[in-house]
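As stored in start_16.txt (compact mmCIF, C-alpha atoms and all ligand atoms):
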# COMPACT_ATOMS: atom_id res chain seq x y z
CA MET A 1 66.91 -22.98 -25.95
CA SER A 2 68.04 -19.48 -26.78
CA SER A 3 65.39 -16.97 -27.76
CA ARG A 4 67.80 -15.62 -30.38
CA HIS A 5 67.19 -16.96 -33.86
CA PRO A 6 69.67 -16.92 -36.70
CA HIS A 7 69.03 -14.49 -39.53
CA ILE A 8 67.36 -16.30 -42.35
CA GLU A 9 68.07 -15.16 -45.86
CA VAL A 10 65.32 -15.23 -48.44
CA ARG A 11 67.26 -15.74 -51.64
CA LEU A 12 65.62 -14.18 -54.66
CA ARG A 13 68.45 -14.06 -57.11
CA THR A 14 67.19 -16.58 -59.63
CA GLU A 15 66.48 -14.54 -62.71
CA SER A 16 64.17 -16.04 -65.30
CA ASP A 17 64.33 -14.79 -68.87
CA ARG A 18 61.44 -12.40 -69.40
CA SER A 19 62.47 -11.27 -72.88
CA TYR A 20 59.68 -10.63 -75.35
CA ARG A 21 59.22 -9.76 -79.00
CA VAL A 22 57.61 -6.74 -80.55
CA MET A 23 56.07 -7.35 -83.97
CA ILE A 24 55.71 -4.20 -86.08
CA GLU A 25 53.94 -4.94 -89.33
CA GLU A 26 51.33 -3.22 -91.47
CA GLY A 27 48.17 -5.37 -91.34
CA CYS A 28 49.38 -7.68 -88.55
CA LEU A 29 46.11 -7.26 -86.62
CA GLU A 30 44.65 -9.86 -88.97
CA LYS A 31 47.21 -12.38 -87.76
CA VAL A 32 46.55 -11.66 -84.09
CA PRO A 33 43.71 -14.21 -83.59
CA ALA A 34 45.91 -17.08 -84.81
CA LEU A 35 48.91 -15.79 -82.83
CA LEU A 36 46.77 -15.53 -79.70
CA GLY A 37 45.38 -19.03 -80.22
CA ARG A 38 48.88 -20.49 -80.32
CA PHE A 39 50.00 -18.42 -77.39
CA ALA A 40 47.03 -18.97 -75.06
CA GLY A 41 47.21 -22.75 -75.33
CA GLY A 42 43.63 -23.23 -74.19
CA GLY A 43 43.60 -20.48 -71.55
CA ARG A 44 40.78 -17.94 -71.70
CA ILE A 45 41.55 -14.65 -73.40
CA PHE A 46 40.33 -11.42 -71.82
CA ILE A 47 40.31 -8.61 -74.36
CA ILE A 48 40.40 -5.40 -72.37
CA THR A 49 39.67 -2.27 -74.33
CA ASP A 50 37.87 1.07 -74.29
CA SER A 51 34.46 1.91 -75.75
CA ARG A 52 35.83 3.37 -78.99
CA VAL A 53 38.55 0.81 -79.77
CA GLY A 54 36.20 -1.97 -78.64
CA ARG A 55 33.73 -0.97 -81.33
CA LEU A 56 36.38 -0.62 -84.05
CA TYR A 57 38.69 -3.54 -83.33
CA GLY A 58 37.57 -5.40 -80.17
CA ARG A 59 34.35 -6.87 -81.53
CA PRO A 60 35.96 -8.02 -84.82
CA LEU A 61 38.77 -9.65 -82.81
CA LEU A 62 36.25 -11.42 -80.59
CA ARG A 63 34.37 -12.64 -83.67
CA ALA A 64 37.61 -13.90 -85.22
CA LEU A 65 38.55 -15.86 -82.10
CA ALA A 66 35.22 -17.72 -81.85
CA PRO A 67 35.65 -20.05 -84.88
CA LEU A 68 39.15 -20.92 -83.65
CA GLY A 69 37.52 -22.35 -80.52
CA ILE A 70 39.41 -19.94 -78.25
CA PRO A 71 37.38 -19.02 -75.16
CA SER A 72 37.34 -15.23 -74.99
CA THR A 73 35.65 -12.41 -73.16
CA MET A 74 35.71 -8.67 -73.93
CA ILE A 75 35.69 -6.11 -71.14
CA ASP A 76 35.43 -2.45 -72.05
CA PHE A 77 35.29 0.89 -70.27
CA PRO A 78 34.68 4.50 -71.36
CA ALA A 79 37.49 5.92 -73.54
CA GLY A 80 39.77 8.59 -72.08
CA GLU A 81 42.25 9.41 -69.31
CA ARG A 82 39.43 9.73 -66.78
CA SER A 83 39.03 5.97 -66.87
CA LYS A 84 42.53 5.42 -65.51
CA ASN A 85 41.27 5.17 -61.92
CA ALA A 86 40.68 2.68 -59.12
CA GLY A 87 36.95 2.38 -59.90
CA VAL A 88 37.52 1.27 -63.48
CA LEU A 89 40.40 -0.99 -62.47
CA GLY A 90 38.12 -2.64 -59.88
CA MET A 91 35.40 -3.12 -62.48
CA VAL A 92 37.90 -4.84 -64.82
CA GLN A 93 39.27 -7.06 -62.03
CA THR A 94 35.75 -8.07 -60.97
CA ALA A 95 34.74 -8.84 -64.57
CA MET A 96 37.82 -11.06 -64.89
CA LEU A 97 37.06 -12.91 -61.66
CA ASP A 98 33.39 -13.31 -62.62
CA GLY A 99 34.49 -14.43 -66.08
CA GLY A 100 36.44 -17.38 -64.71
CA VAL A 101 40.02 -16.10 -64.90
CA ARG A 102 42.68 -18.75 -64.20
CA ARG A 103 46.47 -18.68 -64.00
CA ASP A 104 46.67 -19.75 -67.65
CA SER A 105 44.43 -16.90 -68.83
CA VAL A 106 45.78 -14.13 -71.04
CA VAL A 107 44.95 -10.43 -70.94
CA VAL A 108 45.03 -8.66 -74.30
CA ALA A 109 45.34 -4.90 -73.84
CA LEU A 110 43.76 -3.57 -77.04
CA GLY A 111 43.82 0.21 -77.18
CA GLY A 112 45.78 3.35 -76.38
CA GLY A 113 48.02 4.03 -73.41
CA VAL A 114 45.09 4.24 -71.00
CA VAL A 115 43.95 0.72 -71.89
CA GLY A 116 47.54 -0.56 -71.78
CA ASP A 117 48.05 0.86 -68.29
CA VAL A 118 44.70 -0.25 -66.81
CA ALA A 119 44.61 -3.68 -68.48
CA GLY A 120 48.28 -4.20 -67.63
CA PHE A 121 47.66 -3.35 -63.98
CA ALA A 122 44.69 -5.74 -63.90
CA ALA A 123 46.90 -8.44 -65.45
CA ALA A 124 49.60 -7.73 -62.84
CA THR A 125 47.22 -8.02 -59.90
CA VAL A 126 44.48 -10.56 -60.64
CA LEU A 127 45.61 -13.94 -59.22
CA ARG A 128 48.96 -12.19 -58.54
CA GLY A 129 49.62 -11.92 -62.22
CA VAL A 130 48.49 -13.46 -65.49
CA ARG A 131 50.09 -13.18 -68.92
CA LEU A 132 49.69 -9.95 -70.84
CA ILE A 133 49.79 -9.17 -74.55
CA GLN A 134 49.87 -5.57 -75.67
CA VAL A 135 48.10 -4.66 -78.89
CA PRO A 136 48.55 -0.87 -78.91
CA THR A 137 46.27 1.08 -81.23
CA SER A 138 47.26 4.73 -80.63
CA LEU A 139 50.59 6.08 -81.89
CA LEU A 140 51.57 6.99 -78.33
CA ALA A 141 50.97 3.43 -77.15
CA GLN A 142 52.76 1.96 -80.18
CA VAL A 143 55.94 4.01 -79.74
CA ASP A 144 56.04 4.23 -75.97
CA SER A 145 53.65 2.79 -73.41
CA SER A 146 53.18 -0.77 -74.76
CA VAL A 147 56.87 -1.58 -74.28
CA GLY A 148 58.68 -1.39 -70.96
CA GLY A 149 56.35 -3.02 -68.45
CA LYS A 150 55.09 0.04 -66.59
CA VAL A 151 51.39 -0.34 -65.79
CA GLY A 152 49.16 1.59 -63.43
CA ILE A 153 46.44 4.11 -62.75
CA ASP A 154 46.13 7.72 -61.64
CA HIS A 155 45.27 8.85 -58.11
CA PRO A 156 43.53 12.11 -57.15
CA SER A 157 46.98 13.25 -55.87
CA GLY A 158 48.65 12.77 -59.24
CA LYS A 159 49.18 10.82 -62.42
CA ASN A 160 50.50 7.24 -62.45
CA LEU A 161 50.95 7.15 -58.68
CA LEU A 162 49.66 3.57 -58.32
CA GLY A 163 51.22 0.89 -60.42
CA ALA A 164 53.50 -2.04 -60.98
CA PHE A 165 56.03 -3.47 -63.40
CA HIS A 166 54.39 -6.20 -65.46
CA HIS A 167 56.02 -6.90 -68.81
CA PRO A 168 54.00 -8.21 -71.70
CA SER A 169 54.76 -11.61 -73.21
CA ALA A 170 54.46 -10.09 -76.69
CA VAL A 171 53.55 -6.80 -78.37
CA TYR A 172 51.75 -6.68 -81.72
CA ILE A 173 51.89 -3.30 -83.48
CA ASP A 174 49.82 -2.71 -86.60
CA PRO A 175 50.39 0.82 -87.98
CA ALA A 176 47.31 0.37 -90.22
CA VAL A 177 45.00 0.93 -87.22
CA LEU A 178 46.34 4.49 -86.96
CA ARG A 179 44.17 5.41 -89.96
CA THR A 180 41.13 5.60 -87.67
CA LEU A 181 42.98 7.53 -84.96
CA PRO A 182 41.86 11.18 -84.63
CA GLU A 183 44.51 13.54 -86.00
CA THR A 184 45.06 15.20 -82.60
CA GLU A 185 45.80 11.81 -81.07
CA PHE A 186 48.27 11.09 -83.86
CA ARG A 187 50.23 14.27 -83.11
CA ASN A 188 49.98 13.42 -79.42
CA GLY A 189 52.02 10.28 -80.14
CA LEU A 190 54.56 12.09 -82.35
CA ALA A 191 55.68 14.07 -79.30
CA GLU A 192 56.99 10.88 -77.67
CA VAL A 193 58.86 10.03 -80.88
CA VAL A 194 60.62 13.41 -80.79
CA LYS A 195 61.33 12.94 -77.09
CA ILE A 196 63.05 9.62 -77.61
CA ALA A 197 65.16 10.90 -80.53
CA THR A 198 66.14 14.08 -78.65
CA ALA A 199 67.10 12.07 -75.58
CA LEU A 200 68.95 9.21 -77.20
CA ASP A 201 69.74 9.25 -80.89
CA PRO A 202 71.14 12.12 -83.00
CA SER A 203 70.83 10.13 -86.25
CA PHE A 204 67.14 9.34 -85.58
CA PHE A 205 66.61 13.05 -84.86
CA ARG A 206 68.19 13.94 -88.24
CA TRP A 207 66.00 11.29 -89.92
CA LEU A 208 62.92 12.91 -88.33
CA GLU A 209 64.01 16.34 -89.58
CA ARG A 210 64.17 14.93 -93.13
CA HIS A 211 60.94 12.89 -92.97
CA ALA A 212 58.72 15.00 -90.72
CA ARG A 213 56.20 15.76 -93.44
CA GLU A 214 55.87 12.10 -94.46
CA LEU A 215 54.81 10.96 -91.02
CA ARG A 216 51.13 10.44 -91.74
CA PRO A 217 48.80 7.53 -90.92
CA GLY A 218 48.05 6.85 -94.60
CA LYS A 219 51.72 6.55 -95.50
CA SER A 220 52.97 3.45 -93.83
CA GLY A 221 56.63 3.24 -94.94
CA PRO A 222 58.11 6.19 -93.05
CA LEU A 223 55.68 5.73 -90.18
CA CYS A 224 56.64 2.06 -89.73
CA GLU A 225 60.29 3.09 -89.70
CA ALA A 226 59.69 5.81 -87.09
CA ILE A 227 57.76 3.38 -84.87
CA ALA A 228 60.43 0.70 -85.23
CA ARG A 229 63.26 3.11 -84.41
CA ALA A 230 61.43 4.50 -81.37
CA VAL A 231 60.57 1.03 -80.07
CA GLY A 232 64.11 -0.18 -80.75
CA LEU A 233 65.54 2.64 -78.63
CA LYS A 234 63.05 2.07 -75.84
CA ALA A 235 63.77 -1.68 -75.85
CA LEU A 236 67.49 -0.98 -75.59
CA VAL A 237 67.04 1.36 -72.64
CA VAL A 238 64.58 -0.91 -70.79
CA GLY A 239 66.89 -3.89 -71.34
CA LYS A 240 69.73 -1.98 -69.66
CA ASP A 241 67.72 -0.38 -66.88
CA GLU A 242 64.38 -2.03 -66.26
CA ARG A 243 63.39 -0.11 -63.16
CA ASP A 244 64.34 3.53 -63.73
CA GLY A 245 67.57 3.35 -61.75
CA GLY A 246 69.61 5.26 -64.32
CA LEU A 247 69.49 5.24 -68.11
CA ARG A 248 65.69 4.77 -68.23
CA GLN A 249 65.33 8.21 -66.67
CA SER A 250 66.35 9.60 -70.05
CA LEU A 251 62.88 8.57 -71.31
CA ASN A 252 61.55 11.08 -68.82
CA LEU A 253 62.83 13.95 -70.94
CA GLY A 254 60.14 16.60 -71.25
CA HIS A 255 58.04 14.83 -68.63
CA THR A 256 59.10 16.66 -65.48
CA VAL A 257 57.70 19.92 -66.82
CA GLY A 258 55.16 18.00 -68.95
CA HIS A 259 53.49 16.19 -66.03
CA ALA A 260 53.34 19.43 -64.05
CA LEU A 261 51.66 21.19 -66.99
CA GLU A 262 49.13 18.37 -67.30
CA ALA A 263 48.29 18.62 -63.61
CA ALA A 264 48.12 22.42 -63.65
CA SER A 265 45.74 22.29 -66.63
CA GLY A 266 43.41 20.01 -64.68
CA PHE A 267 44.40 17.24 -67.14
CA THR A 268 42.77 19.05 -70.06
CA LEU A 269 46.13 19.26 -71.87
CA ARG A 270 46.86 16.01 -73.76
CA HIS A 271 49.88 14.11 -72.48
CA GLY A 272 51.84 14.34 -75.74
CA PHE A 273 51.23 18.07 -76.08
CA ALA A 274 52.39 18.59 -72.52
CA VAL A 275 55.49 16.53 -73.34
CA ALA A 276 56.22 18.62 -76.47
CA ILE A 277 56.04 21.84 -74.44
CA GLY A 278 58.02 20.10 -71.69
CA VAL A 279 60.79 19.12 -74.13
CA VAL A 280 61.10 22.76 -75.25
CA ALA A 281 61.04 24.10 -71.67
CA GLU A 282 63.64 21.55 -70.56
CA ALA A 283 65.78 22.28 -73.62
CA ALA A 284 65.59 25.97 -72.68
CA ILE A 285 66.65 25.09 -69.14
CA ALA A 286 69.50 23.01 -70.59
CA ARG A 287 70.59 25.95 -72.75
CA ARG A 288 70.40 28.32 -69.80
CA MET A 289 72.53 25.94 -67.71
CA GLY A 290 75.09 25.37 -70.47
CA TYR A 291 74.12 21.79 -71.46
CA MET A 292 72.73 22.64 -74.88
CA SER A 293 73.71 25.06 -77.66
CA GLY A 294 71.34 27.67 -79.06
CA LYS A 295 71.58 25.88 -82.42
CA ASP A 296 70.40 22.52 -81.00
CA PHE A 297 67.64 24.29 -79.08
CA GLY A 298 66.47 25.87 -82.35
CA ARG A 299 66.46 22.49 -84.14
CA THR A 300 64.34 20.97 -81.36
CA VAL A 301 61.74 23.74 -81.56
CA ARG A 302 61.67 23.63 -85.38
CA LEU A 303 61.14 19.85 -85.50
CA LEU A 304 58.26 20.00 -83.04
CA ARG A 305 56.69 22.89 -84.99
CA ARG A 306 57.06 21.01 -88.27
CA LEU A 307 55.09 18.16 -86.67
CA ARG A 308 52.47 20.73 -85.62
CA LEU A 309 53.10 20.23 -81.94
CA PRO A 310 52.74 23.02 -79.37
CA VAL A 311 55.95 24.57 -78.08
CA GLN A 312 54.70 27.38 -75.85
CA VAL A 313 53.59 27.16 -72.23
CA PRO A 314 49.80 27.71 -72.19
CA ARG A 315 47.85 29.79 -69.69
CA LEU A 316 47.40 27.57 -66.68
CA ARG A 317 44.40 27.06 -64.46
CA SER A 318 46.66 26.89 -61.43
CA ARG A 319 50.24 28.09 -61.21
CA ALA A 320 50.50 26.79 -57.65
CA ARG A 321 49.51 23.34 -58.88
CA PHE A 322 52.35 23.49 -61.42
CA TYR A 323 55.01 23.81 -58.72
CA GLU A 324 53.20 21.44 -56.40
CA ALA A 325 53.17 18.82 -59.17
CA LEU A 326 56.86 19.42 -59.92
CA ALA A 327 57.70 18.43 -56.38
CA LEU A 328 55.26 15.53 -56.53
CA ASP A 329 56.58 14.09 -59.77
CA LYS A 330 57.32 10.63 -58.48
CA LYS A 331 60.57 10.52 -60.41
CA GLY A 332 61.74 13.57 -58.47
CA VAL A 333 63.47 13.35 -55.15
CA ALA A 334 62.41 14.83 -51.84
CA SER A 335 65.26 17.34 -51.70
CA GLY A 336 64.33 19.05 -54.94
CA VAL A 337 63.24 18.44 -58.49
CA ARG A 338 65.73 16.51 -60.58
CA PHE A 339 65.54 16.67 -64.34
CA ALA A 340 66.67 14.59 -67.28
CA LEU A 341 67.96 17.43 -69.47
CA PRO A 342 68.99 17.26 -73.12
CA ALA A 343 72.74 17.62 -73.34
CA GLY A 344 72.80 18.42 -77.04
CA ILE A 345 70.62 16.45 -79.43
CA GLY A 346 70.63 12.72 -78.80
CA TYR A 347 72.21 12.86 -75.35
CA CYS A 348 70.90 13.32 -71.84
CA ALA A 349 72.20 14.60 -68.54
CA LEU A 350 70.46 12.73 -65.73
CA GLY A 351 69.59 13.81 -62.20
CA VAL A 352 70.25 17.51 -62.75
CA GLU A 353 68.95 19.67 -59.94
CA VAL A 354 67.38 22.78 -61.43
CA PRO A 355 66.81 25.82 -59.21
CA ARG A 356 63.19 26.92 -59.19
CA ARG A 357 64.30 30.38 -60.28
CA ILE A 358 65.45 28.97 -63.65
CA VAL A 359 62.18 27.06 -64.12
CA GLU A 360 60.31 30.32 -63.46
CA GLU A 361 62.50 32.27 -65.85
CA VAL A 362 62.22 29.76 -68.69
CA THR A 363 58.51 28.95 -68.41
CA GLY A 364 57.35 32.39 -67.33
CA ILE A 365 55.26 30.66 -64.66
CA ARG A 366 55.44 32.70 -61.47
CA GLU A 367 53.02 32.34 -58.60
N1 LIG B 1 53.10 2.81 -69.21
C1 LIG B 1 53.91 3.63 -69.83
O1 LIG B 1 55.10 3.38 -69.94
C2 LIG B 1 53.36 4.88 -70.42
C3 LIG B 1 54.15 5.66 -71.26
C4 LIG B 1 53.59 6.79 -71.86
C5 LIG B 1 52.26 7.11 -71.60
N2 LIG B 1 51.51 6.32 -70.78
C6 LIG B 1 50.11 6.66 -70.49
O2 LIG B 1 49.36 6.55 -71.71
C7 LIG B 1 48.20 7.34 -71.59
C8 LIG B 1 47.95 8.10 -72.86
O3 LIG B 1 47.78 7.17 -73.91
P1 LIG B 1 47.02 7.59 -75.25
O4 LIG B 1 47.50 8.93 -75.68
O5 LIG B 1 47.12 6.45 -76.17
O6 LIG B 1 45.51 7.85 -74.74
P2 LIG B 1 44.20 6.95 -74.82
O7 LIG B 1 44.46 5.56 -74.47
O8 LIG B 1 43.16 7.69 -74.06
O9 LIG B 1 43.82 7.00 -76.37
C9 LIG B 1 43.47 8.22 -76.95
C10 LIG B 1 42.11 8.16 -77.69
O10 LIG B 1 42.30 7.49 -78.92
C11 LIG B 1 41.34 6.46 -79.08
N3 LIG B 1 41.97 5.44 -79.92
C12 LIG B 1 43.03 4.66 -79.64
N4 LIG B 1 43.37 3.95 -80.71
C13 LIG B 1 42.52 4.28 -81.70
C14 LIG B 1 42.39 3.90 -83.08
N5 LIG B 1 43.26 3.06 -83.67
N6 LIG B 1 41.38 4.43 -83.79
C15 LIG B 1 40.51 5.33 -83.23
N7 LIG B 1 40.61 5.75 -81.95
C16 LIG B 1 41.60 5.22 -81.20
C17 LIG B 1 41.00 6.03 -77.69
O11 LIG B 1 39.73 5.43 -77.64
C18 LIG B 1 41.03 7.37 -76.95
O12 LIG B 1 39.81 8.04 -77.11
C19 LIG B 1 48.42 8.26 -70.40
O13 LIG B 1 47.61 7.84 -69.34
C20 LIG B 1 49.89 8.06 -70.06
O14 LIG B 1 50.16 8.21 -68.68
C21 LIG B 1 52.04 5.23 -70.19
ZN ZN B 2 54.97 10.15 -71.98

Go ahead and express the file in the form of structure tokens.
Amino acid sequence: MSSRHPHIEVRLRTESDRSYRVMIEEGCLEKVPALLGRFAGGGRIFIITDSRVGRLYGRPLLRALAPLGIPSTMIDFPAGERSKNAGVLGMVQTAMLDGGVRRDSVVVALGGGVVGDVAGFAAATVLRGVRLIQVPTSLLAQVDSSVGGKVGIDHPSGKNLLGAFHHPSAVYIDPAVLRTLPETEFRNGLAEVVKIATALDPSFFRWLERHARELRPGKSGPLCEAIARAVGLKALVVGKDERDGGLRQSLNLGHTVGHALEAASGFTLRHGFAVAIGVVAEAAIARRMGYMSGKDFGRTVRLLRRLRLPVQVPRLRSRARFYEALALDKKGVASGVRFALPAGIGYCALGVEVPRRIVEEVTGIRE
């Protein structure tokens, strides 16, 4: 017998439909217990949340599930970005295993983007994946992180460096919960709304210019519309490019500079604020390189200001860390930093290589 073996192909082309629905409705949190009951079909529900959201919404949800006879467990961890690490992830995974997780169990990620990312990563990894439902409670999570399937944690070397793609089976968005969100966190989420409009939709951008002052947690009409338009755009992009191969990179607008600013501030700068400053810096780069007019640059800055978002590069703890992080941005490429730049309002130029000299000139950050 020959020692040569034929090549064996492992065929993986069968594509199952992983489409899911996003419900956006004022007050829909009250319907969530019944929806979960129908969805879980007897499987145990693991509500994963943080300390603050757990107190406000986790315990009431747990209490509402009990009379429906739905077996459920709540797992919580301290609120804040610092919890997005391997230690907390391990604690959540262990609590799920100790709590009798099975393949038919369901993880409910109830909280902001940190909870969505950690709970989603736990759902992706425990038993090689159990079903996930996102119930985002911060504006940032409602307009951005709960849709799209990216889950993960930070590593000492950088943000979001460990992760997976694990799409939810459903997303339930209740804008009413934003009334308890601290005002700073609300503005933090607005930055992602501006990002998505600047990158993808000139008419949404114009709508934001007209309705900026009405975007408040107590006023649900305009807010619901803004959330729905942002989610609609994200869904469209993710549907066309699930894994960041092309179009999805447009959602990275403001994030190349933004992530570097976050890192250089020792993660004291909130993500959304870093993104707002990043959008302005990248718009300035776009103007400098001839992709964007001075007029469109001015509109971008004015909209962010109207929403009381920062537009100026702050004093950084470490300028070296800024450039280090730019090269480390995992969406960058080894040969240099590539940006998604605004090419006018509502359009993006992808994969643009920007010389460091222009970044220095525009941000004023020189080592
Ligand atoms: N996976 C993705 O596609 C994606 C996209 C964007 C951002 N992210 C990640 O999201 C994270 C940021 O998310 P975030 O800004 O929501 O931060 P967060 O999850 O830390 O929430 C911010 C704060 O608001 C509190 N909170 C949340 N909802 C509340 C409510 N309704 N009432 C009162 N308090 C409430 C939280 O307890 C927390 O203290 C970052 O780690 C970022 O990397 C992920
Ligand atoms: Zn972001």

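Going from CA of Gly112 (chain A) to CA of Phe204 (chain A) covers 24.0 Å.
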
ask   = Taking only C-alpha atoms and all ligand atoms into account, which residues are within 6 Å of ligand LIG 1 (chain B), as a PyMOL selection string?
value = chain A and resi 50+52-53+79-81+111-115+117+137-138+140-141+144-145+150-151+177-178+180-181+185

query = Which residues, written as a ChimeraX atom specification, have at least one atom at most 10 Å from region 34-37 of chain A, with all atoms listed in the file counted and residues fewer than 3 positions away on the same chain left out?
reply = /A:28-31,40-45,64-65,68-71,106,108,133,170,172

Could those residues be written to a file, using C-alpha atoms, as a PDB file, in the frame of the given file?
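Result written to result-v8.pdb:
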ATOM      1  CA  CYS A  28      49.380  -7.680 -88.550  1.00  0.00           C
ATOM      2  CA  LEU A  29      46.110  -7.260 -86.620  1.00  0.00           C
ATOM      3  CA  GLU A  30      44.650  -9.860 -88.970  1.00  0.00           C
ATOM      4  CA  LYS A  31      47.210 -12.380 -87.760  1.00  0.00           C
ATOM      5  CA  ALA A  40      47.030 -18.970 -75.060  1.00  0.00           C
ATOM      6  CA  GLY A  41      47.210 -22.750 -75.330  1.00  0.00           C
ATOM      7  CA  GLY A  42      43.630 -23.230 -74.190  1.00  0.00           C
ATOM      8  CA  GLY A  43      43.600 -20.480 -71.550  1.00  0.00           C
ATOM      9  CA  ARG A  44      40.780 -17.940 -71.700  1.00  0.00           C
ATOM     10  CA  ILE A  45      41.550 -14.650 -73.400  1.00  0.00           C
ATOM     11  CA  ALA A  64      37.610 -13.900 -85.220  1.00  0.00           C
ATOM     12  CA  LEU A  65      38.550 -15.860 -82.100  1.00  0.00           C
ATOM     13  CA  LEU A  68      39.150 -20.920 -83.650  1.00  0.00           C
ATOM     14  CA  GLY A  69      37.520 -22.350 -80.520  1.00  0.00           C
ATOM     15  CA  ILE A  70      39.410 -19.940 -78.250  1.00  0.00           C
ATOM     16  CA  PRO A  71      37.380 -19.020 -75.160  1.00  0.00           C
ATOM     17  CA  VAL A 106      45.780 -14.130 -71.040  1.00  0.00           C
ATOM     18  CA  VAL A 108      45.030  -8.660 -74.300  1.00  0.00           C
ATOM     19  CA  ILE A 133      49.790  -9.170 -74.550  1.00  0.00           C
ATOM     20  CA  ALA A 170      54.460 -10.090 -76.690  1.00  0.00           C
ATOM     21  CA  TYR A 172      51.750  -6.680 -81.720  1.00  0.00           C
TER      22      TYR A 172
END

Kindly assemble as a Markdown table a list of the region 163-252 of chain A residues that lie within 7 Å of region 264-284 of chain A, each paired with its nearest atom pair and their distance in Å to one decimal, using all atoms listed in the file, sorted first by chain and then by ascending residue number.
| residue | atom | partner | partner_atom | distance |
| --- | --- | --- | --- | --- |
| A:Asn188 | CA | A:Gly272 | CA | 4.2 |
| A:Gly189 | CA | A:Gly272 | CA | 6.0 |
| A:Ala191 | CA | A:Gly272 | CA | 5.2 |
| A:Glu192 | CA | A:Gly272 | CA | 6.5 |
| A:Lys195 | CA | A:Val279 | CA | 6.9 |

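Using only C-alpha atoms, the protein and nucleic acid residues lying at most 10 Å from the point (67.4, 14.1, -82.6) are A:Val193, A:Val194, A:Lys195, A:Ile196, A:Ala197, A:Thr198, A:Ala199, A:Leu200, A:Asp201, A:Pro202, A:Ser203, A:Phe204, A:Phe205, A:Arg206, A:Trp207, A:Leu208, A:Glu209, A:Asp296, A:Arg299, A:Thr300, A:Leu303, A:Gly344, A:Ile345, A:Gly346, A:Tyr347.
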
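Interatomic distance, CA of Ile24 (chain A) against CA of Gly163 (chain A): 26.5 Å.
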
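When all atoms listed in the file are used to measure the gap to Met289 (chain A), the shortest distance among A:His211, A:Arg357, A:Arg229, A:Arg366 belongs to A:Arg357.
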
ask   = What's the 12 Å shell around Asp244 (chain A), counting all atoms listed in the file, without same-chain residues fewer than 6 positions away, as number ranges by chain?
value = A: 148-150, 165, 237-238, 250-252, 330-332, 340, 350-351

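Shortest separation to ligand ZN 2 (chain B) among A:Ala343, A:Leu190, A:Cys348, A:Leu97 occurs at residue A:Leu190, atoms counted being all atoms listed in the file.
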
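Environment of (58.7, -12.3, -70.8): residues at most 10 Å away, judged by all atoms listed in the file, are Ser16, Asp17, Arg18, Ser19, Tyr20, Arg21, Arg131, Leu132, Gly149, His166, His167, Pro168, Ser169 and Ala170 of chain A.
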
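Among the candidate residues A:Val143, A:Val231, A:Glu9, A:Met74, the one lying nearest to ligand ZN 2 (chain B) is A:Val143, with distances computed using all atoms listed in the file.
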
request  = Would you please work out which residue, of A:Gly254, A:Gly116, A:Gly99, A:Pro78, is nearest to ligand ZN 2 (chain B) when using only C-alpha atoms and all ligand atoms?
outcome  = A:Gly254

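The interatomic distance for the pair CA of Pro136 (chain A) and CA of Ala230 (chain A) works out to 14.2 Å.
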